[in-house]
Each structure stands twice: as structure tokens, then as C-alpha cells.
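Structure first, then comments.
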Amino acid sequence: MFHVEAETASQPESWARAAAMAPGHTGNLPAPGERVAVIGCGTSLYMAQAYAGLREGSGRGETDAYAASEFPTHRAYDTVIALTRSGTTTEVLDLLGVLRGTTRTIAITADPRTPIITVADCTIVLEFADEQSVVQTRFATTALTLLRANLGLHTPQVEADARAALADPLPEELLTATQFTFLGANWTTGLANEAALKMREAARAWTESYPAMEYRHGPISISAPGTVTWMLGTASQGLAEQVRSTGALWIEGSLDPLAELVRVHRLTAALAKARGINPDQPRNLTRSVVLEDA
């Protein structure tokens, strides 16, 4: 078994632990009404997008998500949250250094022995969710669960749905598909972006992701027999019929969208193995991007 398979399978338990931690961090995480930005790189960026959608959509305050390298330092925020599994990513550390003393910063990380501890004003460590695989699964979804629980939007049903996602068989035609498109709406657009990234990283699959309503404005032209369009969340009326008319396989998850992402994690590992690829060690990638000083 590859590390990513074991780490994928452990997600329901990790989510339960994170949800139980959330009440103890009420004073650390943003208060309702604060203007918040969430930063990350790669997978962490897409979890930031999902949280931003959840927080603002639930009326807790303006919330933006940025790649750490693209953060607009001229904008004023009450709090900036950094999501970083390794705690060593150059862009994240550099930005927190710039913000130090002017904006309150919170880092959510898996490793308490890294430089992030010294540059963030507050650090929340999810060491139990750390991973051996280069590919992120468990840490990313566990960090999002902590934030989701802080908003009062996580329930034990989410964990039950994740267990169902681990148990239900994957459709056979997914392993022979030539192309995958993941769709989301509002907060689940970040999950769709993450699903596509995971498939590209670990299985070298041709994947794309879009907001669901944007899919009809051009990207649907790629849909054809042998392709898959997978909706994370609830699709708008008529979208399923349009996709099916192209001959593509349409999947609209019935589980919580975060649990649907667990299904994608399973598919990623299965597809990588079918192609003779090690999903723990994606080509050209490392656990953390650390840039040398110029």
C-alpha cells in the first residue's frame, strides 16, 4: 500500500480530531465580522478558497483567498491565515515576515519544528494529520475541517459520508477515462480545483476544473465519450443533461462535498497504480518548495 492510500483512508478519524479541537481555538481563529485573508500554495491555496467561500457565505465576514506569492499587501485585513503543511514554504514565510507587526497572522501547520512557528503570531499544529506522501490529502482536508468546524458547519455526518466514500466501489469506467473535469459552486469550487490538481500530480491525468456555471462557456467543448465530468456539490438545473448529451460520464456526488473529494483521492491512487506510477512521489515535485536566496 502506498502512503497516500493509508493517509486517504485515515481522513474520517483525522476530521473528528480536528472538529473536537475547534472549540479550544475559538479565541485564536477569526471572530465574526473580521476581514480575513487566507493564503497557501498548491493544495493549501485551494483549501483556502474553500474556507473563504464557507466563511463569507455563512455571513461571518469578508474573506479572500490568495496564493501566498500574489497577496496584495496594500489591502487591509484584520487577520491573515496561512495554511502550510510543511511550515517551510518560501512564499508563505516571506509574506508572514512582511505582515509581522501590522496584521495578525495565524498559521495552521503539521510540523511544530519548522520556521513558521517563529514568524506567525499564532500557530495551530495538526501534527496527527501530517503525511509521508509528497501528495497532500489528509492534512489539507483536516485543516479545512478545523476551520469549517469553527464556523459551526461540520457535523458527524461529514465523517460518516467520508467513510462511505472509502467503502463504495469506484465505477470501472473511471479507470479508462481519457480526461476529467471537476466542477464546483461557491465554496466547492476550491474543492474542484484541488481534485484536478490531485489527479494531475499523482496520476498525470488530463484534468481541468471550473465553477459549474462557467463550464458551459467553452470548457464543455472537451466533453465527449470517454471523458468524465464530476460535480462536487449540487449542480444547477439542466447541467447534467447537457453533459450527458455529449456522451461524457456525469457524476454528481450525493455525499458531503469534502467526502466526495475523498473519492477523488481514492481514484487518484487507483489510476496511478493502473498506470504504473508511484502516487507518493509525483514527477518534479517535493514536499515543500523552498527557494534559495537570490
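All residue names refer to the C-alpha cells as shown: chains lettered A, B, ... in order, residues numbered from 1 in each chain, ligands numbered from 1 in order.
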List as a list in words the protein and nucleic acid residues near Gly57 of chain A, meaning an atom at most 12 Å away when only C-alpha atoms are counted, but skip any in the same chain fewer than 2 places from it. Gln49, Ala50, Tyr51, Ala52, Gly53, Leu54, Arg55, Gly59, Arg60, Gly61, Glu62, Thr63, Asp64, Arg148, Leu151, Leu153, Ala185, Asn186, Trp187 and Thr188 of chain A
Could you pull the residues within 10 Å of Ala212 of chain A, counting only C-alpha atoms, minus those fewer than 6 positions along the same chain, as number ranges by chain? A: 182-186, 188-189, 192, 230-236, 239
Keeping only N, CA, C and O atoms, write the selected residues as a short mmCIF file (atom, residue, chain, number, x, y, z; two decimals), in the first residue's frame.
data_model
loop_
_atom_site.label_atom_id
_atom_site.label_comp_id
_atom_site.auth_asym_id
_atom_site.auth_seq_id
_atom_site.Cartn_x
_atom_site.Cartn_y
_atom_site.Cartn_z
N PHE A 182 -13.57 18.61 -13.19
CA PHE A 182 -14.22 18.73 -11.89
C PHE A 182 -14.87 20.10 -11.79
O PHE A 182 -14.26 21.12 -12.13
N LEU A 183 -16.10 20.10 -11.30
CA LEU A 183 -16.87 21.33 -11.19
C LEU A 183 -17.27 21.59 -9.74
O LEU A 183 -17.50 20.65 -8.98
N GLY A 184 -17.35 22.86 -9.39
CA GLY A 184 -17.81 23.24 -8.05
C GLY A 184 -18.67 24.48 -8.15
O GLY A 184 -18.81 25.08 -9.22
N ALA A 185 -19.24 24.86 -7.03
CA ALA A 185 -20.04 26.09 -6.95
C ALA A 185 -19.82 26.69 -5.57
O ALA A 185 -19.87 25.98 -4.56
N ASN A 186 -19.58 27.99 -5.55
CA ASN A 186 -19.30 28.68 -4.30
C ASN A 186 -18.10 28.02 -3.60
O ASN A 186 -17.04 27.90 -4.21
N THR A 188 -17.35 24.99 -2.99
CA THR A 188 -16.84 23.74 -3.54
C THR A 188 -16.01 23.94 -4.80
O THR A 188 -15.39 22.98 -5.29
N THR A 189 -15.96 25.16 -5.33
CA THR A 189 -15.05 25.41 -6.46
C THR A 189 -13.61 25.17 -6.04
O THR A 189 -12.80 24.63 -6.82
N ALA A 192 -13.06 21.51 -6.21
CA ALA A 192 -12.90 21.07 -7.59
C ALA A 192 -11.48 21.35 -8.09
O ALA A 192 -10.86 20.52 -8.76
N TRP A 230 -17.35 15.68 -13.26
CA TRP A 230 -17.66 15.30 -11.88
C TRP A 230 -18.00 16.56 -11.10
O TRP A 230 -17.17 17.46 -10.95
N MET A 231 -19.21 16.63 -10.60
CA MET A 231 -19.69 17.78 -9.85
C MET A 231 -19.51 17.55 -8.36
O MET A 231 -20.00 16.57 -7.80
N LEU A 232 -18.78 18.45 -7.69
CA LEU A 232 -18.63 18.42 -6.24
C LEU A 232 -19.63 19.40 -5.66
O LEU A 232 -19.43 20.62 -5.70
N GLY A 233 -20.73 18.90 -5.14
CA GLY A 233 -21.81 19.74 -4.69
C GLY A 233 -23.03 19.55 -5.58
O GLY A 233 -23.10 18.59 -6.35
N THR A 234 -23.96 20.47 -5.49
CA THR A 234 -25.21 20.36 -6.23
C THR A 234 -25.13 21.13 -7.53
O THR A 234 -24.78 22.32 -7.54
N ALA A 235 -25.46 20.48 -8.63
CA ALA A 235 -25.39 21.11 -9.95
C ALA A 235 -26.62 21.96 -10.22
O ALA A 235 -27.71 21.70 -9.69
N SER A 236 -26.46 22.97 -11.04
CA SER A 236 -27.60 23.78 -11.46
C SER A 236 -28.49 22.98 -12.40
O SER A 236 -28.04 22.01 -13.04
N LEU A 239 -27.71 21.10 -16.11
CA LEU A 239 -26.30 20.85 -16.42
C LEU A 239 -26.03 19.37 -16.68
O LEU A 239 -25.32 19.00 -17.62
#
From segment 179-232 of chain A, collect each residue whose DSSP state is strand (DSSP E) and return the set as a PyMOL selection string. chain A and resi 179-184+207-211+227-231
Distance query Ala240 of chain A at most 10 Å, only C-alpha atoms, self and fewer than 2 positions along chain excluded, as a count of residues only: 15
8 Å contact set for Asn278 of chain A, only C-alpha atoms, chain neighbours under 3 positions out, as a PDB file with all heavy atoms, in the first residue's frame:
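So the final result, stored in part13.pdb, reads:
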ATOM      1  N   PHE A   2       0.536   2.218  -0.839  1.00  0.00           N
ATOM      2  CA  PHE A   2       1.241   3.490  -0.856  1.00  0.00           C
ATOM      3  C   PHE A   2       0.804   4.350   0.338  1.00  0.00           C
ATOM      4  O   PHE A   2      -0.297   4.192   0.871  1.00  0.00           O
ATOM      5  CB  PHE A   2       0.954   4.237  -2.159  1.00  0.00           C
ATOM      6  CG  PHE A   2       1.605   3.618  -3.370  1.00  0.00           C
ATOM      7  CD1 PHE A   2       0.858   2.874  -4.267  1.00  0.00           C
ATOM      8  CD2 PHE A   2       2.960   3.777  -3.596  1.00  0.00           C
ATOM      9  CE1 PHE A   2       1.451   2.303  -5.372  1.00  0.00           C
ATOM     10  CE2 PHE A   2       3.574   3.214  -4.700  1.00  0.00           C
ATOM     11  CZ  PHE A   2       2.814   2.467  -5.594  1.00  0.00           C
ATOM     12  N   ALA A 202      -0.512  13.241  -9.028  1.00  0.00           N
ATOM     13  CA  ALA A 202      -0.219  11.866  -8.640  1.00  0.00           C
ATOM     14  C   ALA A 202      -0.465  10.847  -9.737  1.00  0.00           C
ATOM     15  O   ALA A 202       0.137   9.774  -9.718  1.00  0.00           O
ATOM     16  CB  ALA A 202      -1.031  11.487  -7.411  1.00  0.00           C
ATOM     17  N   ALA A 272      -3.184   5.990 -10.670  1.00  0.00           N
ATOM     18  CA  ALA A 272      -1.724   5.997 -10.698  1.00  0.00           C
ATOM     19  C   ALA A 272      -1.184   4.568 -10.722  1.00  0.00           C
ATOM     20  O   ALA A 272      -0.279   4.239 -11.517  1.00  0.00           O
ATOM     21  CB  ALA A 272      -1.182   6.752  -9.495  1.00  0.00           C
ATOM     22  N   LYS A 273      -1.731   3.718  -9.884  1.00  0.00           N
ATOM     23  CA  LYS A 273      -1.274   2.325  -9.836  1.00  0.00           C
ATOM     24  C   LYS A 273      -1.542   1.617 -11.161  1.00  0.00           C
ATOM     25  O   LYS A 273      -0.699   0.849 -11.643  1.00  0.00           O
ATOM     26  CB  LYS A 273      -1.955   1.602  -8.685  1.00  0.00           C
ATOM     27  CG  LYS A 273      -1.475   2.065  -7.317  1.00  0.00           C
ATOM     28  CD  LYS A 273      -2.358   1.579  -6.194  1.00  0.00           C
ATOM     29  CE  LYS A 273      -2.222   0.105  -5.943  1.00  0.00           C
ATOM     30  NZ  LYS A 273      -2.995  -0.318  -4.743  1.00  0.00           N
ATOM     31  N   GLN A 281       5.231   9.957  -4.968  1.00  0.00           N
ATOM     32  CA  GLN A 281       6.380  10.723  -5.432  1.00  0.00           C
ATOM     33  C   GLN A 281       6.097  11.297  -6.815  1.00  0.00           C
ATOM     34  O   GLN A 281       6.617  10.817  -7.831  1.00  0.00           O
ATOM     35  CB  GLN A 281       7.630   9.829  -5.477  1.00  0.00           C
ATOM     36  CG  GLN A 281       8.081   9.298  -4.134  1.00  0.00           C
ATOM     37  CD  GLN A 281       8.654  10.400  -3.261  1.00  0.00           C
ATOM     38  OE1 GLN A 281       9.171  11.394  -3.747  1.00  0.00           O
ATOM     39  NE2 GLN A 281       8.565  10.220  -1.948  1.00  0.00           N
ATOM     40  N   PRO A 282       5.270  12.327  -6.910  1.00  0.00           N
ATOM     41  CA  PRO A 282       4.949  12.910  -8.225  1.00  0.00           C
ATOM     42  C   PRO A 282       6.193  13.439  -8.921  1.00  0.00           C
ATOM     43  O   PRO A 282       7.133  13.921  -8.276  1.00  0.00           O
ATOM     44  CB  PRO A 282       3.997  14.055  -7.878  1.00  0.00           C
ATOM     45  CG  PRO A 282       3.454  13.712  -6.541  1.00  0.00           C
ATOM     46  CD  PRO A 282       4.547  12.992  -5.830  1.00  0.00           C
TER      47      PRO A 282
END
Shell of 9 Å around segment 166-171 of chain A, only C-alpha atoms, local chain residues under 4 positions omitted, as a ChimeraX atom specification: /A:8-9,161-162,175,259,262-263,266-267
Any chance you can output those residues with C-alpha atoms as a compact mmCIF listing (two decimals), in the first residue's frame?
# COMPACT_ATOMS: atom_id res chain seq x y z
CA THR A 8 -6.65 8.89 2.46
CA ALA A 9 -8.24 6.11 4.50
CA ASP A 161 -20.02 10.35 4.40
CA ALA A 162 -16.23 10.09 4.21
CA LEU A 175 -10.02 3.93 -14.77
CA ALA A 259 -16.29 13.41 1.33
CA VAL A 262 -12.03 11.57 -0.62
CA ARG A 263 -13.49 9.56 -3.51
CA ARG A 266 -9.07 7.07 -3.95
CA LEU A 267 -9.41 7.37 -7.71
Interatomic distance between atom CA of Thr246 of chain A and atom CA of Thr268 of chain A?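 Separation between atom CA of Thr246 of chain A and atom CA of Thr268 of chain A: 24.2 Å.
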Mind checking which residues fall within 6 Å of segment 117-130 of chain A, counting only C-alpha atoms, ignoring those fewer than 2 positions away in the same chain, and posting them as number ranges by chain? A: 105-111, 115, 138-139
As a ChimeraX atom specification, please: every residue in segment 56-269 of chain A that a backbone DSSP assignment puts in alpha helix (DSSP H). /A:56-57,90-99,116-119,138-150,156-167,188-203,239-245,257-269
Looking at A:Ile277, A:Val98, A:Ala270, A:Ile116, which one is nearest to Arg204 of chain A, with distances taken over only C-alpha atoms?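 Among the listed residues, the smallest separation from Arg204 of chain A belongs to A:Ile277.
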Counting only C-alpha atoms, figure out which residue out of A:Ala31, A:Ala68, A:Cys41, A:Ala165 gets nearest to Ser86 of chain A. A:Cys41
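The space separating atom CA of Ala196 of chain A from atom CA of Thr79 of chain A comes to 29.0 Å.
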Find the residues of segment 129-164 of chain A that sit at most 12 Å from segment 17-25 of chain A; for each, write down the nearest two atoms and how far apart they are in Å, to one decimal. Count only C-alpha atoms. Sort by chain, then by number going up, and give it as CSV.
residue,atom,partner,partner_atom,distance
A:Ala129,CA,A:Ala18,CA,9.0
A:Arg138,CA,A:Ala18,CA,11.2
A:Phe139,CA,A:Ala18,CA,10.3
A:Ala140,CA,A:Ala18,CA,11.5
A:Thr141,CA,A:Ala18,CA,9.9
A:Thr142,CA,A:Ala18,CA,6.3
A:Ala143,CA,A:Ala18,CA,7.5
A:Leu144,CA,A:Ala18,CA,9.1
A:Thr145,CA,A:Ala18,CA,6.5
A:Leu146,CA,A:Ala18,CA,5.0
A:Leu147,CA,A:Ala22,CA,7.5
A:Arg148,CA,A:Ala19,CA,8.2
A:Ala149,CA,A:Ala19,CA,5.5
A:Asn150,CA,A:Ala22,CA,5.4
A:Leu151,CA,A:Ala22,CA,9.2
A:Gly152,CA,A:Ala22,CA,9.4
A:Leu153,CA,A:Ala19,CA,10.0
A:His154,CA,A:Ala19,CA,7.3
A:Thr155,CA,A:Ala19,CA,8.5
A:Pro156,CA,A:Ala19,CA,9.0
A:Val158,CA,A:Ala19,CA,10.7
A:Glu159,CA,A:Ala19,CA,10.2
